[in-house]
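Here's the structure, in structure tokens; my notes come after.
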Amino acid sequence: MGLISTWTMIRSLSLFHLTAAYLFLTNPRMLVDQNVVFMLGESMRLPHITTMDKPSEASALLAIILAFLGISDLTAASMEEGIAIQYWLAIVPVRMTFLFAISGYSYLFKQGGLFGPKTALSQTSVGEPLQNSMVFSWGFLELAAWFWIFTSLREERRLLAKRKIEELKAEQDSL
């Protein structure tokens with residue numbers, strides 16, 4: 001059993017999504033100017049977002065999506081343990097794949113990146129707005145959090161199976 005339970009991590013991440021949704025709705029600059037976003041962006045040589053000075057239609061859409069994720073994850077984390085473990089073990093790999101693809105895309109296809117344009121005069125790509133420090137930081141930090149949750153879920157599943165086997169043995173011995 002880990003130091004922090006799986007359900008605590010999922011609920012904490014859900015509450016973070018709700019907090020980020022509120023901040024995107026009221027003051028998106030506060031999230032964009034975080035030190036971790038700046039440091040990860042600079043270390044990966046990604047451009048910093050300069051267009052989130054005040055709330056806009058795009059930040060409102062981000063707020064709605066993050067609020068939806070937060071509320072649905074809080075609901076799913078409060079299911080019965082056996083069902084919840086199976087649900088999260090099915091969902092988390094999909095989320096991790098998506099987050100890995102987003103983080104990889106924003107890094108690999110940036111200007112001067114491995115698959116990106118080599119000069120500033122090259123033709124811009126369709127996903128160029130995704131190649132910034134905020135998208136990379138979000139994808140990378142979410143990927144790390146969901147990987148931690150995934151490893152904890154596998155441990156929880158093992159402990160649940162062990163408990164069920166012990167219960168079956170105790171029931172069989174009582175007969």
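Following the order of the structure tokens, first chain is A, next is B, and so on, with residues numbered from 1 inside each chain and ligands from 1 in the order they appear.
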Would you pick out the contacts of segment 52-59 of chain A at 10 Å or less, using only C-alpha atoms, so that residues sharing its chain but fewer than 6 positions from it are not included, and give the list as a list in words?
Ala21, Leu23, Phe24, Leu25, Thr26, Asn27, Pro28, Arg29, Met30, Leu31, Val32, Asp33 and Ile65 of chain A
Contacts of Gly70 of chain A at 9 Å or less, counting only C-alpha atoms, minus same-chain residues fewer than 3 places along, as a list in words?
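In the requested form, the answer reads Arg11, Leu13, Ser14, Leu15, Phe16, His17, Leu18, Ala21, Ile65, Leu66, Ala67, Asp73, Leu74 and Thr75 of chain A.
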Please list as an MDAnalysis selection string every residue within 10 Å of segment 155-161 of chain A, counting only C-alpha atoms and excluding residues in the same chain fewer than 5 positions away.
chainID A and resid 1:2 5:6 81:82 85:86 89 149:150 166:167
Could you tell me how far atom CA of Met44 of chain A sits from atom CA of Tyr105 of chain A, in Å to one decimal place?
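Distance reported for this atom pair: 12.3 Å.
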Mind pulling up the distance from atom CA of Tyr22 of chain A to atom CA of Ser103 of chain A?
23.5 Å
As an MDAnalysis selection string, which residues of segment 1-153 of chain A does DSSP assign to alpha helix (DSSP H)?
chainID A and resid 6:26 28:32 35:43 57:77 81:108 133:153
Smallest atom-to-atom distance to Trp7 of chain A: which of A:Phe136, A:Trp88, A:Phe147, A:Tyr107, using only C-alpha atoms?
A:Trp88
Find the spatial neighbours of Phe100 of chain A, counting only C-alpha atoms, within a cut-off of 7 Å - ignore same-chain residues fewer than 3 positions away - and output them as a list in words.
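So the residues in contact are Met96, Thr97, Ser103, Gly104, Gly139 and Leu143 of chain A.
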Give me a file of those residues, with all heavy atoms, as a PDB file, in the first residue's frame.
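File part.pdb, as written:
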ATOM      1  N   MET A  96      -3.425   8.268 -20.515  1.00  0.00           N
ATOM      2  CA  MET A  96      -1.973   8.375 -20.592  1.00  0.00           C
ATOM      3  C   MET A  96      -1.490   8.388 -22.035  1.00  0.00           C
ATOM      4  O   MET A  96      -0.564   9.139 -22.379  1.00  0.00           O
ATOM      5  CB  MET A  96      -1.318   7.235 -19.810  1.00  0.00           C
ATOM      6  CG  MET A  96      -1.430   7.407 -18.314  1.00  0.00           C
ATOM      7  SD  MET A  96      -0.812   6.031 -17.333  1.00  0.00           S
ATOM      8  CE  MET A  96       0.681   5.559 -18.142  1.00  0.00           C
ATOM      9  N   THR A  97      -2.097   7.602 -22.887  1.00  0.00           N
ATOM     10  CA  THR A  97      -1.731   7.597 -24.309  1.00  0.00           C
ATOM     11  C   THR A  97      -2.002   8.956 -24.931  1.00  0.00           C
ATOM     12  O   THR A  97      -1.164   9.499 -25.669  1.00  0.00           O
ATOM     13  CB  THR A  97      -2.509   6.493 -25.058  1.00  0.00           C
ATOM     14  OG1 THR A  97      -2.234   5.241 -24.445  1.00  0.00           O
ATOM     15  CG2 THR A  97      -2.127   6.451 -26.516  1.00  0.00           C
ATOM     16  N   SER A 103       1.965  15.708 -25.339  1.00  0.00           N
ATOM     17  CA  SER A 103       3.277  16.188 -24.894  1.00  0.00           C
ATOM     18  C   SER A 103       4.339  15.946 -25.963  1.00  0.00           C
ATOM     19  O   SER A 103       5.156  16.826 -26.244  1.00  0.00           O
ATOM     20  CB  SER A 103       3.696  15.485 -23.603  1.00  0.00           C
ATOM     21  OG  SER A 103       2.790  15.738 -22.584  1.00  0.00           O
ATOM     22  N   GLY A 104       4.311  14.753 -26.549  1.00  0.00           N
ATOM     23  CA  GLY A 104       5.280  14.443 -27.597  1.00  0.00           C
ATOM     24  C   GLY A 104       5.110  15.321 -28.813  1.00  0.00           C
ATOM     25  O   GLY A 104       6.086  15.798 -29.396  1.00  0.00           O
ATOM     26  N   GLY A 139       0.324  18.545 -20.254  1.00  0.00           N
ATOM     27  CA  GLY A 139       0.399  17.154 -20.670  1.00  0.00           C
ATOM     28  C   GLY A 139       1.414  16.358 -19.880  1.00  0.00           C
ATOM     29  O   GLY A 139       1.156  15.235 -19.442  1.00  0.00           O
ATOM     30  N   LEU A 143       0.444  13.505 -17.229  1.00  0.00           N
ATOM     31  CA  LEU A 143       0.958  12.172 -17.547  1.00  0.00           C
ATOM     32  C   LEU A 143       1.665  11.573 -16.333  1.00  0.00           C
ATOM     33  O   LEU A 143       1.454  10.402 -16.000  1.00  0.00           O
ATOM     34  CB  LEU A 143       1.914  12.240 -18.742  1.00  0.00           C
ATOM     35  CG  LEU A 143       2.518  10.929 -19.220  1.00  0.00           C
ATOM     36  CD1 LEU A 143       1.429   9.985 -19.701  1.00  0.00           C
ATOM     37  CD2 LEU A 143       3.515  11.191 -20.330  1.00  0.00           C
TER      38      LEU A 143
END
